[in-house]
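J.: Okay, handing you the structure first.
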Amino acid sequence: MNIQFVKFALVGLLNTSWSFAVYAGLLYAGLNYVVASLITIVVSVAFGFLTQGALVFGGAKREAIPRFVLAWLIIYVAYLGVVAYAQYLGFSNYIGGLIATPLVAVMSYFLQRRFVFRAHLTGGRTQS
């Protein structure tokens, strides 16, 4: 098994736990779920960039931030697409989310490895 992917999964669990803690804390503080979700997404993307970059891919350079945000927009759209398709097939949104999660986790790994943190992994050279 690829050790980098295992690290990615473990850091993903850390990031998910952190994100839920932020969201729950904001709800507990009295914020509306829409505002709490928005703040959580912004904080989670920043935290994810730092943790995935440093702990999984060996560096989180500032130049990679726009690529990281773009990758997460792509991942988010893919996630919504899978959930919507599952709903179209008659599954609940809960089941759709369960189906989508491992698919977008693998997609996230490859996008981050090949697109976001590629320059660091190739010694500063971009891959073609």
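We name chains A, B, ... following the order of the structure tokens; residues begin at 1 in each chain, and ligands are numbered from 1 as shown.
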Using only C-alpha atoms, which protein or nucleic acid residues come within 12 Å of segment 103-115 of chain A? Drop anything in the same chain fewer than 4 positions from it, and give the result as an MDAnalysis selection string.

T.: chainID A and resid 2 4:13 16 48:49 52:53 56:60 63:83 96:99 119:122 126:128

J.: How about saving the chosen residues, C-alpha atoms kept, as a PDB file, in the first residue's frame?

T.:
```pdb
ATOM      1  CA  ASN A   2       1.222   3.507  -0.827  1.00  0.00           C
ATOM      2  CA  GLN A   4       1.722   8.578   1.087  1.00  0.00           C
ATOM      3  CA  PHE A   5      -1.927   7.638   0.508  1.00  0.00           C
ATOM      4  CA  VAL A   6      -2.149   6.195   4.044  1.00  0.00           C
ATOM      5  CA  LYS A   7      -0.755   9.467   5.423  1.00  0.00           C
ATOM      6  CA  PHE A   8      -3.259  11.333   3.254  1.00  0.00           C
ATOM      7  CA  ALA A   9      -6.138   9.311   4.710  1.00  0.00           C
ATOM      8  CA  LEU A  10      -4.959   9.794   8.303  1.00  0.00           C
ATOM      9  CA  VAL A  11      -4.465  13.529   7.839  1.00  0.00           C
ATOM     10  CA  GLY A  12      -7.890  13.600   6.176  1.00  0.00           C
ATOM     11  CA  LEU A  13      -9.396  12.117   9.349  1.00  0.00           C
ATOM     12  CA  THR A  16     -12.452  16.155   9.183  1.00  0.00           C
ATOM     13  CA  GLY A  48      -6.187  21.316   5.039  1.00  0.00           C
ATOM     14  CA  PHE A  49      -3.667  23.158   2.885  1.00  0.00           C
ATOM     15  CA  GLN A  52      -1.831  18.017   3.702  1.00  0.00           C
ATOM     16  CA  GLY A  53       1.029  20.092   2.342  1.00  0.00           C
ATOM     17  CA  VAL A  56       1.660  14.358   3.334  1.00  0.00           C
ATOM     18  CA  PHE A  57       3.300  16.097   0.395  1.00  0.00           C
ATOM     19  CA  GLY A  58       6.384  17.560   2.064  1.00  0.00           C
ATOM     20  CA  GLY A  59       5.667  21.262   1.746  1.00  0.00           C
ATOM     21  CA  ALA A  60       2.904  23.831   1.617  1.00  0.00           C
ATOM     22  CA  GLU A  63       2.253  29.526  -4.656  1.00  0.00           C
ATOM     23  CA  ALA A  64       0.156  26.347  -4.342  1.00  0.00           C
ATOM     24  CA  ILE A  65      -2.771  28.057  -2.564  1.00  0.00           C
ATOM     25  CA  PRO A  66      -4.695  28.988  -5.740  1.00  0.00           C
ATOM     26  CA  ARG A  67      -4.246  25.436  -7.084  1.00  0.00           C
ATOM     27  CA  PHE A  68      -5.423  24.017  -3.746  1.00  0.00           C
ATOM     28  CA  VAL A  69      -8.559  26.186  -3.776  1.00  0.00           C
ATOM     29  CA  LEU A  70      -9.256  25.270  -7.417  1.00  0.00           C
ATOM     30  CA  ALA A  71      -8.783  21.576  -6.623  1.00  0.00           C
ATOM     31  CA  TRP A  72     -11.280  21.834  -3.762  1.00  0.00           C
ATOM     32  CA  LEU A  73     -13.801  23.582  -6.005  1.00  0.00           C
ATOM     33  CA  ILE A  74     -13.474  20.690  -8.462  1.00  0.00           C
ATOM     34  CA  ILE A  75     -13.780  18.156  -5.645  1.00  0.00           C
ATOM     35  CA  TYR A  76     -16.857  19.923  -4.264  1.00  0.00           C
ATOM     36  CA  VAL A  77     -18.585  19.946  -7.664  1.00  0.00           C
ATOM     37  CA  ALA A  78     -17.745  16.254  -8.159  1.00  0.00           C
ATOM     38  CA  TYR A  79     -19.114  15.449  -4.706  1.00  0.00           C
ATOM     39  CA  LEU A  80     -22.357  17.283  -5.438  1.00  0.00           C
ATOM     40  CA  GLY A  81     -22.615  15.523  -8.792  1.00  0.00           C
ATOM     41  CA  VAL A  82     -22.272  12.066  -7.249  1.00  0.00           C
ATOM     42  CA  VAL A  83     -24.818  12.867  -4.523  1.00  0.00           C
ATOM     43  CA  GLY A  96     -25.239   9.529  -1.778  1.00  0.00           C
ATOM     44  CA  GLY A  97     -22.754  11.135   0.596  1.00  0.00           C
ATOM     45  CA  LEU A  98     -21.463   7.719   1.641  1.00  0.00           C
ATOM     46  CA  ILE A  99     -20.999   6.743  -1.993  1.00  0.00           C
ATOM     47  CA  ALA A 119       6.291  21.482  -7.984  1.00  0.00           C
ATOM     48  CA  HIS A 120       7.507  20.443  -4.556  1.00  0.00           C
ATOM     49  CA  LEU A 121       7.387  16.754  -5.462  1.00  0.00           C
ATOM     50  CA  THR A 122       9.433  17.305  -8.624  1.00  0.00           C
ATOM     51  CA  THR A 126       6.362  21.255 -12.978  1.00  0.00           C
ATOM     52  CA  GLN A 127       5.327  17.918 -14.408  1.00  0.00           C
ATOM     53  CA  SER A 128       3.950  17.671 -17.904  1.00  0.00           C
TER      54      SER A 128
END
```

J.: Mind the document's chain letters and residue numbers, and return as a PyMOL selection string the residues of chain A that DSSP labels helix (DSSP H, G or I).

T.: chain A and resi 3-28+33-56+62-88+93-116+118-121

J.: What does the distance between atom CA of Gly25 of chain A and atom CA of Arg62 of chain A come to in Å, to one decimal place?

T.: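 Computing the Euclidean distance for atom CA of Gly25 of chain A and atom CA of Arg62 of chain A yields 28.4 Å.
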
J.: As an exercise, work out the distance from atom CA of Ala86 of chain A to atom CA of Pro102 of chain A in Å and give it to one decimal place.

T.: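 Pair atom CA of Ala86 of chain A / atom CA of Pro102 of chain A returns 14.1 Å.
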
J.: Just the residues within 12 Å of Val22 of chain A, please, counting only C-alpha atoms, with nothing from its chain fewer than 2 positions along; format it as a ChimeraX atom specification.

T.: /A:15-20,24-29,31,33,35-44,47

J.: May I have the residues from that selection written out with C-alpha atoms, as an mmCIF file, in the first residue's frame?

T.:
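Okay, this is what ended up in selection-v3.cif:
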```
data_model
loop_
_atom_site.group_PDB
_atom_site.id
_atom_site.type_symbol
_atom_site.label_atom_id
_atom_site.label_comp_id
_atom_site.auth_asym_id
_atom_site.auth_seq_id
_atom_site.Cartn_x
_atom_site.Cartn_y
_atom_site.Cartn_z
ATOM 1 C CA ASN A 15 -8.905 17.513 9.058
ATOM 2 C CA THR A 16 -12.452 16.155 9.183
ATOM 3 C CA SER A 17 -12.377 16.026 12.980
ATOM 4 C CA TRP A 18 -11.032 19.573 13.137
ATOM 5 C CA SER A 19 -13.672 20.820 10.690
ATOM 6 C CA PHE A 20 -16.506 19.242 12.628
ATOM 7 C CA ALA A 24 -20.000 22.421 16.241
ATOM 8 C CA GLY A 25 -18.277 25.169 18.199
ATOM 9 C CA LEU A 26 -19.732 27.856 15.960
ATOM 10 C CA LEU A 27 -23.216 26.360 16.270
ATOM 11 C CA TYR A 28 -22.783 26.179 20.046
ATOM 12 C CA ALA A 29 -21.774 29.856 20.014
ATOM 13 C CA LEU A 31 -24.282 31.112 14.782
ATOM 14 C CA TYR A 33 -25.741 26.890 10.314
ATOM 15 C CA VAL A 35 -22.740 31.171 8.556
ATOM 16 C CA ALA A 36 -21.136 28.385 10.582
ATOM 17 C CA SER A 37 -20.728 26.296 7.413
ATOM 18 C CA LEU A 38 -19.162 29.154 5.475
ATOM 19 C CA ILE A 39 -16.651 29.921 8.237
ATOM 20 C CA THR A 40 -15.913 26.219 8.620
ATOM 21 C CA ILE A 41 -15.195 25.791 4.912
ATOM 22 C CA VAL A 42 -12.767 28.723 4.868
ATOM 23 C CA VAL A 43 -10.984 27.555 8.031
ATOM 24 C CA SER A 44 -10.961 23.932 6.836
ATOM 25 C CA PHE A 47 -6.063 24.015 7.729
#
```

J.: Please indicate the distance in Å from atom CA of Tyr88 of chain A to atom CA of Ala100 of chain A, rounded to one decimal place.

T.: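 Separating atom CA of Tyr88 of chain A from atom CA of Ala100 of chain A is a distance of 13.8 Å.
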